[in-house]
Every structure is written in structure tokens, then in C-alpha cells.
file my_file-v7.json (JSON, C-alpha atoms)
[["chain", "number", "residue", "atom", "x", "y", "z"],
["A", 13, "MET", "CA", 122.04, 116.55, 111.59],
["A", 14, "ASN", "CA", 122.24, 114.70, 114.85],
["A", 15, "PRO", "CA", 124.34, 111.52, 114.51],
["A", 16, "ASN", "CA", 122.89, 110.16, 117.73],
["A", 17, "LYS", "CA", 119.32, 110.34, 116.52],
["A", 18, "PRO", "CA", 118.17, 106.91, 115.26],
["A", 19, "HIS", "CA", 117.44, 106.82, 111.55],
["A", 20, "ASP", "CA", 113.96, 105.64, 110.56],
["A", 21, "CYS", "CA", 114.00, 104.37, 106.96],
["A", 22, "SER", "CA", 110.24, 103.89, 106.67],
["A", 23, "GLY", "CA", 109.64, 107.42, 107.96],
["A", 24, "VAL", "CA", 111.97, 108.79, 105.31],
["A", 25, "ILE", "CA", 110.58, 106.62, 102.50],
["A", 26, "SER", "CA", 107.02, 107.73, 103.25],
["A", 27, "ARG", "CA", 108.08, 111.34, 102.62],
["A", 28, "VAL", "CA", 110.01, 110.77, 99.37],
["A", 29, "PHE", "CA", 107.13, 111.62, 97.06],
["A", 30, "LEU", "CA", 105.94, 114.47, 99.27],
["A", 31, "SER", "CA", 109.37, 115.97, 98.72],
["A", 32, "LEU", "CA", 109.51, 115.22, 94.98],
["A", 33, "ASP", "CA", 105.98, 116.58, 94.52],
["A", 34, "GLY", "CA", 106.90, 119.79, 96.34],
["A", 35, "GLU", "CA", 104.49, 119.15, 99.21],
["A", 36, "LEU", "CA", 106.91, 119.73, 102.10],
["A", 37, "SER", "CA", 107.42, 123.10, 103.72],
["A", 38, "LYS", "CA", 110.96, 124.53, 103.63],
["A", 39, "GLU", "CA", 111.55, 123.37, 107.17],
["A", 40, "GLN", "CA", 110.15, 119.89, 106.56],
["A", 41, "GLU", "CA", 112.19, 119.62, 103.37],
["A", 42, "LYS", "CA", 115.39, 120.50, 105.18],
["A", 43, "GLU", "CA", 114.68, 117.97, 107.92],
["A", 44, "PHE", "CA", 113.83, 115.36, 105.30],
["A", 45, "LEU", "CA", 117.03, 115.95, 103.31],
["A", 46, "ASP", "CA", 119.15, 115.77, 106.47],
["A", 47, "GLU", "CA", 117.56, 112.42, 107.32],
["A", 48, "LEU", "CA", 117.83, 111.20, 103.73],
["A", 49, "ASN", "CA", 121.52, 111.94, 103.44],
["A", 50, "ARG", "CA", 122.29, 109.82, 106.48],
["A", 51, "CYS", "CA", 121.29, 106.59, 104.78],
["A", 52, "SER", "CA", 122.59, 105.40, 101.42],
["A", 53, "TRP", "CA", 119.65, 102.97, 101.04],
["A", 54, "CYS", "CA", 117.11, 105.79, 101.46],
["A", 55, "LEU", "CA", 119.12, 108.04, 99.17],
["A", 56, "GLU", "CA", 119.15, 105.38, 96.45],
["A", 57, "HIS", "CA", 115.39, 104.93, 96.85],
["A", 58, "TYR", "CA", 114.96, 108.70, 96.50],
["A", 59, "HIS", "CA", 117.03, 108.78, 93.29],
["A", 60, "ILE", "CA", 115.02, 105.91, 91.81],
["A", 61, "GLU", "CA", 111.71, 107.66, 92.50],
["A", 62, "GLN", "CA", 113.12, 110.94, 91.21],
["A", 63, "ALA", "CA", 114.13, 109.17, 87.99],
["A", 64, "PHE", "CA", 110.60, 107.72, 87.70],
["A", 65, "LYS", "CA", 108.98, 111.15, 87.93],
["A", 66, "GLU", "CA", 111.43, 112.68, 85.46],
["A", 67, "PHE", "CA", 110.93, 109.72, 83.15],
["A", 68, "LEU", "CA", 107.18, 110.30, 82.94],
["A", 69, "CYS", "CA", 107.59, 114.00, 82.19],
["A", 70, "LYS", "CA", 110.21, 113.42, 79.57],
["A", 71, "LYS", "CA", 108.59, 110.49, 77.80],
["A", 72, "LEU", "CA", 104.90, 111.27, 77.78],
["A", 73, "ASN", "CA", 103.84, 112.57, 74.38],
["A", 74, "LYS", "CA", 102.81, 116.19, 74.55],
["A", 75, "LYS", "CA", 99.92, 117.04, 72.30],
["A", 76, "GLU", "CA", 99.77, 120.54, 70.96],
["A", 77, "VAL", "CA", 96.52, 122.19, 70.12],
["A", 78, "ALA", "CA", 95.78, 122.81, 66.44],
["A", 79, "PRO", "CA", 95.87, 126.53, 65.53],
["A", 80, "THR", "CA", 92.52, 126.08, 63.76],
["A", 81, "LEU", "CA", 90.89, 125.06, 67.05],
["A", 82, "VAL", "CA", 92.24, 128.15, 68.78],
["A", 83, "SER", "CA", 90.82, 130.45, 66.11],
["A", 84, "GLU", "CA", 87.53, 128.55, 66.04],
["A", 85, "ILE", "CA", 87.08, 128.95, 69.80],
["A", 86, "LYS", "CA", 88.04, 132.63, 69.67],
["A", 87, "ASP", "CA", 85.59, 133.24, 66.83],
["A", 88, "LYS", "CA", 82.75, 131.53, 68.67],
["A", 89, "ILE", "CA", 83.40, 133.48, 71.83],
["A", 90, "LYS", "CA", 83.78, 136.77, 69.97],
["A", 91, "ASN", "CA", 80.31, 136.26, 68.52],
["A", 92, "ILE", "CA", 78.58, 135.50, 71.82],
["A", 93, "SER", "CA", 76.46, 138.49, 72.70],
["A", 94, "ILE", "CA", 75.75, 139.36, 76.27],
["A", 95, "GLU", "CA", 72.34, 140.75, 77.19],
["B", 7, "MET", "CA", 76.57, 141.05, 66.30],
["B", 8, "ALA", "CA", 75.62, 143.13, 69.31],
["B", 9, "GLN", "CA", 77.76, 146.07, 70.36],
["B", 10, "PRO", "CA", 80.34, 144.98, 72.90],
["B", 11, "THR", "CA", 79.05, 145.66, 76.39],
["B", 12, "ASP", "CA", 81.31, 146.43, 79.34],
["B", 13, "LYS", "CA", 80.70, 142.94, 80.61],
["B", 14, "LYS", "CA", 81.66, 141.40, 77.30],
["B", 15, "LYS", "CA", 84.75, 143.56, 77.10],
["B", 16, "TRP", "CA", 85.75, 142.43, 80.59],
["B", 17, "LYS", "CA", 85.25, 138.77, 79.69],
["B", 18, "ASP", "CA", 87.13, 139.06, 76.41],
["B", 19, "GLU", "CA", 90.08, 140.71, 78.11],
["B", 20, "LEU", "CA", 90.05, 138.13, 80.88],
["B", 21, "PHE", "CA", 90.18, 135.35, 78.29],
["B", 22, "GLU", "CA", 93.04, 136.94, 76.39],
["B", 23, "ARG", "CA", 95.00, 137.65, 79.53],
["B", 24, "GLU", "CA", 94.43, 134.56, 81.68],
["B", 25, "PHE", "CA", 92.58, 131.79, 79.85],
["B", 26, "TYR", "CA", 93.81, 131.52, 76.25],
["B", 27, "PRO", "CA", 97.49, 131.12, 77.25],
["B", 28, "LEU", "CA", 96.48, 127.86, 78.97],
["B", 29, "ILE", "CA", 94.98, 126.21, 75.91],
["B", 30, "ASP", "CA", 97.95, 123.91, 75.19],
["B", 31, "ALA", "CA", 97.91, 122.46, 78.71],
["B", 32, "LEU", "CA", 94.13, 122.00, 78.53],
["B", 33, "TYR", "CA", 94.35, 120.29, 75.18],
["B", 34, "ASN", "CA", 97.11, 117.95, 76.35],
["B", 35, "PHE", "CA", 95.00, 116.98, 79.38],
["B", 36, "ALA", "CA", 91.88, 116.55, 77.21],
["B", 37, "TYR", "CA", 93.78, 114.38, 74.77],
["B", 38, "HIS", "CA", 95.08, 112.08, 77.48],
["B", 39, "LEU", "CA", 91.58, 111.75, 78.92],
["B", 40, "THR", "CA", 89.85, 110.97, 75.61],
["B", 41, "TYR", "CA", 92.67, 109.43, 73.52],
["B", 42, "ASN", "CA", 91.13, 111.02, 70.53],
["B", 43, "GLU", "CA", 91.88, 114.33, 68.79],
["B", 44, "GLU", "CA", 88.33, 115.02, 67.77],
["B", 45, "ASP", "CA", 86.93, 114.46, 71.27],
["B", 46, "ALA", "CA", 89.80, 116.46, 72.75],
["B", 47, "ASN", "CA", 88.95, 119.36, 70.40],
["B", 48, "ASP", "CA", 85.28, 119.24, 71.44],
["B", 49, "LEU", "CA", 86.18, 118.99, 75.10],
["B", 50, "VAL", "CA", 88.50, 122.00, 74.98],
["B", 51, "GLN", "CA", 85.91, 124.01, 73.06],
["B", 52, "ASP", "CA", 83.19, 123.09, 75.56],
["B", 53, "THR", "CA", 85.50, 124.07, 78.39],
["B", 54, "TYR", "CA", 86.06, 127.57, 76.98],
["B", 55, "LEU", "CA", 82.38, 128.09, 76.22],
["B", 56, "LYS", "CA", 81.42, 127.01, 79.75],
["B", 57, "ALA", "CA", 84.17, 129.19, 81.20],
["B", 58, "TYR", "CA", 82.75, 132.13, 79.23],
["B", 59, "ARG", "CA", 79.26, 131.51, 80.52],
["B", 60, "PHE", "CA", 80.43, 131.22, 84.14],
["B", 61, "ALA", "CA", 83.28, 133.75, 84.03],
["B", 62, "GLU", "CA", 81.64, 135.83, 86.78],
["B", 63, "SER", "CA", 82.25, 133.05, 89.26],
["B", 64, "TYR", "CA", 85.99, 133.16, 88.55],
["B", 65, "GLU", "CA", 87.95, 135.41, 90.85],
["B", 66, "GLU", "CA", 90.43, 137.32, 88.72],
["B", 67, "GLY", "CA", 94.10, 136.75, 89.42],
["B", 68, "THR", "CA", 93.46, 133.50, 91.31],
["B", 69, "ASN", "CA", 94.28, 130.08, 89.96],
["B", 70, "ALA", "CA", 92.99, 130.21, 86.36],
["B", 71, "LYS", "CA", 94.64, 126.95, 85.44],
["B", 72, "ALA", "CA", 93.03, 124.94, 88.27],
["B", 73, "TRP", "CA", 89.68, 126.62, 87.54],
["B", 74, "LEU", "CA", 89.75, 125.67, 83.85],
["B", 75, "PHE", "CA", 91.05, 122.17, 84.53],
["B", 76, "LYS", "CA", 88.14, 121.60, 86.89],
["B", 77, "ILE", "CA", 85.64, 122.68, 84.23],
["B", 78, "LEU", "CA", 87.30, 120.41, 81.70],
["B", 79, "LYS", "CA", 87.42, 117.44, 84.04],
["B", 80, "ASN", "CA", 83.72, 117.88, 84.92],
["B", 81, "ALA", "CA", 82.75, 118.18, 81.25],
["B", 82, "PHE", "CA", 84.70, 115.02, 80.56],
["B", 83, "ILE", "CA", 83.00, 113.10, 83.37],
["B", 84, "ASN", "CA", 79.54, 114.33, 82.36],
["B", 85, "GLU", "CA", 79.65, 114.15, 78.61],
["B", 86, "TYR", "CA", 82.62, 112.28, 77.25],
["B", 87, "ARG", "CA", 83.48, 109.50, 79.59],
["B", 88, "ARG", "CA", 80.80, 107.14, 78.37],
["B", 89, "LYS", "CA", 81.40, 107.70, 74.71],
["B", 90, "SER", "CA", 85.20, 107.97, 74.70],
["B", 91, "LYS", "CA", 86.88, 105.19, 72.87],
["B", 92, "GLN", "CA", 89.09, 103.61, 75.45],
["B", 93, "PRO", "CA", 91.87, 101.22, 74.44],
["B", 94, "ALA", "CA", 91.97, 97.72, 75.87],
["B", 95, "LYS", "CA", 92.02, 98.18, 79.62],
["B", 96, "VAL", "CA", 94.65, 96.64, 81.78],
["B", 97, "ASP", "CA", 92.86, 94.62, 84.37],
["B", 98, "TYR", "CA", 93.64, 96.55, 87.49],
["B", 99, "GLU", "CA", 93.02, 93.59, 89.82],
["B", 100, "ASP", "CA", 95.28, 91.57, 87.61],
["B", 101, "VAL", "CA", 98.08, 94.08, 88.04],
["B", 102, "ILE", "CA", 97.68, 94.12, 91.80],
["B", 103, "GLY", "CA", 97.56, 90.32, 91.85],
["B", 104, "TYR", "CA", 100.75, 90.24, 89.84],
["B", 105, "GLN", "CA", 102.39, 92.53, 92.29],
["B", 106, "ASP", "CA", 101.38, 90.46, 95.31],
["B", 107, "ALA", "CA", 102.25, 87.18, 93.68],
["B", 108, "GLU", "CA", 105.77, 88.12, 92.72],
["B", 109, "ASP", "CA", 106.37, 90.37, 95.66],
["B", 110, "VAL", "CA", 107.67, 93.10, 93.43],
["B", 111, "SER", "CA", 108.93, 96.00, 95.43],
["B", 112, "PRO", "CA", 108.61, 98.59, 92.70],
["B", 113, "ALA", "CA", 110.88, 101.20, 94.18],
["B", 114, "GLY", "CA", 113.56, 98.62, 94.74],
["B", 115, "THR", "CA", 113.43, 96.97, 91.35],
["B", 116, "VAL", "CA", 111.99, 99.36, 88.80],
["B", 117, "ASP", "CA", 114.92, 101.60, 88.14],
["B", 118, "LEU", "CA", 113.94, 103.88, 85.30],
["B", 119, "ARG", "CA", 117.53, 104.95, 84.88],
["B", 120, "HIS", "CA", 118.21, 101.59, 83.25],
["B", 121, "GLU", "CA", 118.87, 101.89, 79.53],
["B", 122, "ILE", "CA", 115.92, 99.67, 78.64],
["B", 123, "PHE", "CA", 113.58, 102.33, 80.04],
["B", 124, "GLN", "CA", 115.59, 105.24, 78.72],
["B", 125, "GLY", "CA", 115.28, 103.64, 75.29],
["B", 126, "MET", "CA", 111.48, 103.52, 75.52],
["B", 127, "ILE", "CA", 109.78, 105.82, 73.10],
["B", 128, "GLY", "CA", 107.03, 108.25, 74.03],
["B", 129, "ASP", "CA", 104.35, 106.12, 72.39],
["B", 130, "GLU", "CA", 105.07, 103.18, 74.66],
["B", 131, "VAL", "CA", 105.01, 105.32, 77.78],
["B", 132, "THR", "CA", 101.89, 107.14, 76.65],
["B", 133, "ARG", "CA", 100.21, 103.78, 76.01],
["B", 134, "ALA", "CA", 101.11, 102.61, 79.52],
["B", 135, "ILE", "CA", 99.63, 105.78, 81.06],
["B", 136, "ASN", "CA", 96.57, 105.65, 78.85],
["B", 137, "SER", "CA", 95.77, 102.12, 79.90],
["B", 138, "LEU", "CA", 95.59, 103.14, 83.56],
["B", 139, "PRO", "CA", 92.02, 103.41, 84.90],
["B", 140, "VAL", "CA", 90.92, 107.01, 84.35],
["B", 141, "ASP", "CA", 90.93, 108.00, 88.05],
["B", 142, "PHE", "CA", 94.54, 106.93, 88.36],
["B", 143, "ARG", "CA", 95.55, 108.44, 85.05],
["B", 144, "THR", "CA", 94.04, 111.77, 86.04],
["B", 145, "VAL", "CA", 96.10, 112.18, 89.21],
["B", 146, "ILE", "CA", 99.34, 111.25, 87.41],
["B", 147, "LEU", "CA", 98.65, 113.78, 84.66],
["B", 148, "LEU", "CA", 97.72, 116.54, 87.10],
["B", 149, "CYS", "CA", 100.63, 115.93, 89.45],
["B", 150, "ASP", "CA", 103.55, 114.74, 87.35],
["B", 151, "ILE", "CA", 102.81, 116.45, 84.06],
["B", 152, "GLU", "CA", 100.93, 119.61, 85.03],
["B", 153, "ARG", "CA", 102.64, 120.04, 88.41],
["B", 154, "PHE", "CA", 99.51, 120.91, 90.38],
["B", 155, "THR", "CA", 99.80, 120.73, 94.16],
["B", 156, "TYR", "CA", 97.86, 118.06, 96.06],
["B", 157, "GLU", "CA", 95.51, 120.80, 97.28],
["B", 158, "GLU", "CA", 94.79, 121.95, 93.73],
["B", 159, "ILE", "CA", 94.26, 118.37, 92.56],
["B", 160, "ALA", "CA", 91.86, 117.79, 95.46],
["B", 161, "LYS", "CA", 89.82, 120.81, 94.30],
["B", 162, "ILE", "CA", 89.93, 119.87, 90.62],
["B", 163, "ILE", "CA", 88.65, 116.35, 91.13],
["B", 164, "ASP", "CA", 86.63, 116.90, 94.32],
["B", 165, "ILE", "CA", 88.33, 114.39, 96.57],
["B", 166, "PRO", "CA", 90.10, 114.87, 99.94],
["B", 167, "ILE", "CA", 93.86, 115.56, 99.93],
["B", 168, "GLY", "CA", 94.49, 112.22, 101.65],
["B", 169, "THR", "CA", 92.77, 110.47, 98.77],
["B", 170, "VAL", "CA", 94.90, 112.39, 96.25],
["B", 171, "ARG", "CA", 97.98, 111.12, 98.00],
["B", 172, "SER", "CA", 96.86, 107.50, 98.23],
["B", 173, "ARG", "CA", 95.53, 107.49, 94.67],
["B", 174, "LEU", "CA", 98.82, 108.89, 93.37],
["B", 175, "HIS", "CA", 100.71, 106.26, 95.29],
["B", 176, "ARG", "CA", 98.53, 103.49, 93.86],
["B", 177, "ALA", "CA", 98.71, 104.91, 90.33],
["B", 178, "ARG", "CA", 102.50, 105.05, 90.46],
["B", 179, "GLU", "CA", 102.76, 101.51, 91.76],
["B", 180, "ILE", "CA", 100.52, 100.19, 88.96],
["B", 181, "LEU", "CA", 102.45, 102.14, 86.36],
["B", 182, "LYS", "CA", 105.74, 100.76, 87.62],
["B", 183, "VAL", "CA", 104.42, 97.21, 87.41],
["B", 184, "MET", "CA", 103.28, 97.87, 83.84],
["B", 185, "LEU", "CA", 106.64, 99.35, 82.88],
["B", 186, "MET", "CA", 108.36, 96.40, 84.52],
["B", 187, "ARG", "CA", 106.26, 93.98, 82.48],
["B", 188, "TYR", "CA", 107.30, 95.85, 79.39],
["B", 189, "ALA", "CA", 110.96, 95.72, 80.40],
["B", 190, "LYS", "CA", 110.79, 92.01, 81.12],
["B", 191, "SER", "CA", 109.24, 91.40, 77.73],
["B", 192, "GLN", "CA", 112.29, 93.14, 76.29],
["B", 193, "GLY", "CA", 114.62, 90.87, 78.21],
["B", 194, "TYR", "CA", 115.31, 93.04, 81.24],
["B", 195, "LYS", "CA", 116.38, 90.92, 84.22],
["B", 196, "THR", "CA", 115.50, 92.12, 87.69],
["B", 197, "ASP", "CA", 117.97, 91.47, 90.43],
["B", 198, "GLY", "CA", 116.74, 89.11, 93.13],
["B", 199, "LYS", "CA", 113.16, 87.93, 92.73]]
call {"tool": "encode", "arguments": {"input": "my_file-v7.json", "output": "C-alpha cells"}}
result
Amino acid sequence: MNPNKPHDCSGVISRVFLSLDGELSKEQEKEFLDELNRCSWCLEHYHIEQAFKEFLCKKLNKKEVAPTLVSEIKDKIKNISIE
Amino acid sequence: MAQPTDKKKWKDELFEREFYPLIDALYNFAYHLTYNEEDANDLVQDTYLKAYRFAESYEEGTNAKAWLFKILKNAFINEYRRKSKQPAKVDYEDVIGYQDAEDVSPAGTVDLRHEIFQGMIGDEVTRAINSLPVDFRTVILLCDIERFTYEEIAKIIDIPIGTVRSRLHRAREILKVMLMRYAKSQGYKTDGK
């Protein structure tokens, strides 16, 4: 971290979801986190977006497949003959 | 039934090893596309039958999940989209208008850590996601729920990576506005505006 380097909030904010979505390389991620930790406003923004992503994962109803469908599909496929 | 051929044996083993373990994720995606268990069942079944027919074009050991999701998404677009029973749509323009009019800065005001959101039940969140236009819903499901990379999402839905990114951004903004509307209806006060 270079304390003399000016901090660019909009540059950091534009990378928040790239980081949360795992789209930054290790090097980019490190650079991003260094920048992020220099600004409490950016850090708060990051935590809010992180909470949003976690919220969706946690709250969205997961639908599990019925065992009958699994056996139906397997039966159909088992009976397909290949010329 | 015909005697199993080498080709059939290869396909059956491939399905057991790589494709069947993904059926829960495929079903979950199908359900959130169709909102309907019966259609989701048909869609998943179609996906496996198509995958069986075209198994030769799958390169073993590569990304089975992305390959199957692409088949499912295409089957949905081609056969189910028109007939799927969609719930009342949120008017997308209306949402954007709302956002402009009240100058909501979603990241600044929609804090999902607030107890009003934490108290939301899955049904309410699922309803919010389901009322997103299908193109927006798809990217949210693929990215946030199934954890595909932008590159995989681009391949699954046949759009450039830049479009994946902008569509995700837009989808999240709309979703936040919808969640904020919900929170306000429950008495949540935003600071500032």
C-alpha cells in the first residue's frame, strides 16, 4: 500500500462485484483489497454488496428434484438403443 | 432392448459419472425459469435426453455443468418460454423510473444486513427474483446461485462477457429496488432521501 497514491473511490467501487464474483486474478484482487482497505466508505460499500450476494444465496428457495423424476429419466435413457 | 453397445456403455458411464450428479442444480435452475414443477420436470428430462443424443459433442472431463446448463437454457428458450406460466411481471421501466425519480443509490441505502431483510422469508425473496424479466433472472441465478464465472455464463447464454457484466449489474440494481419497496412497505425508513 502506498499512502501517497491518491485513492479513487469510483475505480474501487467498479471492481467490487468483480471481486465478489471471483473475477479478479490473484494480483488484481490483492491490489483491489489494498485500495479498498484505505477507504472506510469503499469498505462499507463492499460489505453492503457482500451482504446482498450472501442474502440471495441464503434466502432463495432451493428446489430439490423428486426421486421419481431421477428414476424416470434413468429408465428412459437405459432403454434407448444405439444403432 | 438391444444389447448394450460400446457406445451405449460409454454414454451410460459418462452419465453416471458426470451428468447425473448435477441433476439437483439443473432442476433448481429449471424451476426458477418455469416457476412450475411440472414444466421443470419436463425441462430437466428433455435436457438429459438431448444430452444423451448429443453426448459425442461433449468433451469428457471438461465443464459438464456449463454444458448441461446450456442445453437446458436453450430448451427453455425454444420450447417452454412461450407456454410457461409467468407471475405478474414487474414493469421493468417502472422500476427504472422509480429509481431515477427518487434517486435511490441502491448500494448506499439497501443494506441487506438490516433486520427487516434478514427477517424476509425465502418465499418473498424467491418471488422478487421470479418477477425479474427472464434475461435478468437468468444471470442472477447463474452467477449468484450456481457460481458460474462470467466466461461460463457468456457461453451458456451466448452473449459477450461485457454484456454478462452489465446485465448482472442491471439485474442487481432492479432487485435491490424491489427489495427496498418491500422493506418500505414493512415500515423500513431509509436514511436521507
call {"tool": "interface_residues", "arguments": {"input": "my_file-v7.json", "of": "chain B", "to": "chain A", "cutoff": "6 Å", "atoms": "all atoms listed in the file", "output": "JSON list (two decimals) with C-alpha atoms, in the coordinates of the input"}}
result
[["chain", "number", "residue", "atom", "x", "y", "z"],
["B", 8, "ALA", "CA", 75.62, 143.13, 69.31],
["B", 30, "ASP", "CA", 97.95, 123.91, 75.19],
["B", 33, "TYR", "CA", 94.35, 120.29, 75.18],
["B", 34, "ASN", "CA", 97.11, 117.95, 76.35],
["B", 117, "ASP", "CA", 114.92, 101.60, 88.14],
["B", 118, "LEU", "CA", 113.94, 103.88, 85.30],
["B", 128, "GLY", "CA", 107.03, 108.25, 74.03],
["B", 131, "VAL", "CA", 105.01, 105.32, 77.78],
["B", 132, "THR", "CA", 101.89, 107.14, 76.65],
["B", 151, "ILE", "CA", 102.81, 116.45, 84.06]]
call {"tool": "atom_distance", "arguments": {"input": "my_file-v7.json", "atom1": "CA of Glu44 in chain B", "atom2": "CA of Val145 in chain B"}}
result
23.0 Å
call {"tool": "closest_residue", "arguments": {"input": "my_file-v7.json", "among": "B:Leu39, B:Leu55, B:Ala72, B:Ile135", "to": "Glu179 in chain B", "atoms": "all atoms listed in the file"}}
result
B:Ile135
call {"tool": "atom_distance", "arguments": {"input": "my_file-v7.json", "atom1": "CA of Glu43 in chain B", "atom2": "CA of Asn84 in chain B"}}
result
18.3 Å
call {"tool": "residues_around", "arguments": {"input": "my_file-v7.json", "residues": "Ala81 in chain B", "least_positions_apart": "5", "cutoff": "12 Å", "atoms": "only C-alpha atoms", "output": "list in words"}}
result
Ala36, Leu39, Thr40, Asp45, Ala46, Asp48, Leu49, Val50, Gln51, Asp52, Thr53, Tyr54, Leu55, Lys56, Ala57, Leu74, Phe75, Lys76, Tyr86, Arg87, Arg88, Ile162 and Ile163 of chain B
call {"tool": "closest_residue", "arguments": {"input": "my_file-v7.json", "among": "B:Asn42, B:Ala177, B:Lys17, B:Ala70", "to": "Tyr58 in chain B", "atoms": "all atoms listed in the file"}}
result
B:Lys17
call {"tool": "atom_distance", "arguments": {"input": "my_file-v7.json", "atom1": "CA of Thr144 in chain B", "atom2": "CA of Pro166 in chain B"}}
result
14.8 Å
call {"tool": "residues_around", "arguments": {"input": "my_file-v7.json", "residues": "Pro18 in chain A", "least_positions_apart": "6", "cutoff": "12 Å", "atoms": "only C-alpha atoms", "output": "ChimeraX atom specification"}}
result
/A:24,47,50-51
call {"tool": "write_last_selection", "arguments": {"input": "my_file-v7.json", "atoms": "C-alpha atoms", "output": "tab-separated table (two decimals), in the coordinates of the input"}}
result
chain	number	residue	atom	x	y	z
A	24	VAL	CA	111.97	108.79	105.31
A	47	GLU	CA	117.56	112.42	107.32
A	50	ARG	CA	122.29	109.82	106.48
A	51	CYS	CA	121.29	106.59	104.78
call {"tool": "closest_residue", "arguments": {"input": "my_file-v7.json", "among": "B:Tyr188, B:Trp16, B:Tyr26, B:Phe142", "to": "Met126 in chain B", "atoms": "all atoms listed in the file"}}
result
B:Tyr188
call {"tool": "closest_residue", "arguments": {"input": "my_file-v7.json", "among": "B:Phe25, B:Phe123, B:Phe154, B:Tyr37", "to": "Gly67 in chain B", "atoms": "all atoms listed in the file"}}
result
B:Phe25
call {"tool": "build_atoms", "arguments": {"input": "my_file-v7.json", "residues": "range 43-50 of chain A", "atoms": "all heavy atoms", "output": "short mmCIF file (atom, residue, chain, number, x, y, z; two decimals), in the frame of the given file"}}
result
data_model
loop_
_atom_site.label_atom_id
_atom_site.label_comp_id
_atom_site.auth_asym_id
_atom_site.auth_seq_id
_atom_site.Cartn_x
_atom_site.Cartn_y
_atom_site.Cartn_z
N GLU A 43 114.63 119.10 106.98
CA GLU A 43 114.68 117.97 107.92
C GLU A 43 114.72 116.64 107.15
O GLU A 43 115.49 115.74 107.48
CB GLU A 43 113.42 118.03 108.79
CG GLU A 43 113.50 117.20 110.05
CD GLU A 43 112.17 117.27 110.80
OE1 GLU A 43 111.62 118.38 110.97
OE2 GLU A 43 111.68 116.20 111.17
N PHE A 44 113.88 116.58 106.11
CA PHE A 44 113.83 115.36 105.30
C PHE A 44 115.19 115.09 104.64
O PHE A 44 115.70 113.97 104.68
CB PHE A 44 112.72 115.52 104.24
CG PHE A 44 112.77 114.47 103.17
CD1 PHE A 44 112.30 113.18 103.41
CD2 PHE A 44 113.28 114.76 101.90
CE1 PHE A 44 112.35 112.20 102.42
CE2 PHE A 44 113.33 113.79 100.92
CZ PHE A 44 112.88 112.50 101.17
N LEU A 45 115.76 116.13 104.02
CA LEU A 45 117.03 115.95 103.31
C LEU A 45 118.16 115.57 104.27
O LEU A 45 119.01 114.74 103.94
CB LEU A 45 117.39 117.20 102.51
CG LEU A 45 116.46 117.51 101.32
CD1 LEU A 45 116.83 118.84 100.67
CD2 LEU A 45 116.48 116.38 100.28
N ASP A 46 118.14 116.14 105.47
CA ASP A 46 119.15 115.77 106.47
C ASP A 46 119.05 114.28 106.79
O ASP A 46 120.06 113.57 106.83
CB ASP A 46 118.94 116.58 107.76
CG ASP A 46 119.46 118.01 107.61
OD1 ASP A 46 120.14 118.27 106.60
OD2 ASP A 46 119.17 118.83 108.48
N GLU A 47 117.80 113.84 107.01
CA GLU A 47 117.56 112.42 107.32
C GLU A 47 117.98 111.52 106.14
O GLU A 47 118.61 110.50 106.31
CB GLU A 47 116.07 112.19 107.58
CG GLU A 47 115.63 112.52 108.97
CD GLU A 47 115.94 111.37 109.92
OE1 GLU A 47 115.36 110.29 109.74
OE2 GLU A 47 116.78 111.57 110.80
N LEU A 48 117.58 111.97 104.95
CA LEU A 48 117.83 111.20 103.73
C LEU A 48 119.32 110.96 103.52
O LEU A 48 119.77 109.86 103.21
CB LEU A 48 117.24 111.97 102.54
CG LEU A 48 117.35 111.33 101.16
CD1 LEU A 48 116.40 110.14 101.06
CD2 LEU A 48 117.02 112.34 100.06
N ASN A 49 120.09 112.02 103.72
CA ASN A 49 121.52 111.94 103.44
C ASN A 49 122.30 111.09 104.45
O ASN A 49 123.47 110.83 104.27
CB ASN A 49 122.11 113.35 103.35
CG ASN A 49 121.71 114.02 102.05
OD1 ASN A 49 121.75 113.40 100.98
ND2 ASN A 49 121.27 115.27 102.11
N ARG A 50 121.62 110.66 105.49
CA ARG A 50 122.29 109.82 106.48
C ARG A 50 122.25 108.34 106.11
O ARG A 50 122.85 107.52 106.78
CB ARG A 50 121.63 110.00 107.85
CG ARG A 50 121.83 111.38 108.42
CD ARG A 50 120.96 111.57 109.63
NE ARG A 50 121.30 110.62 110.69
CZ ARG A 50 120.52 110.38 111.73
NH1 ARG A 50 119.38 110.99 111.86
NH2 ARG A 50 120.89 109.51 112.65
#
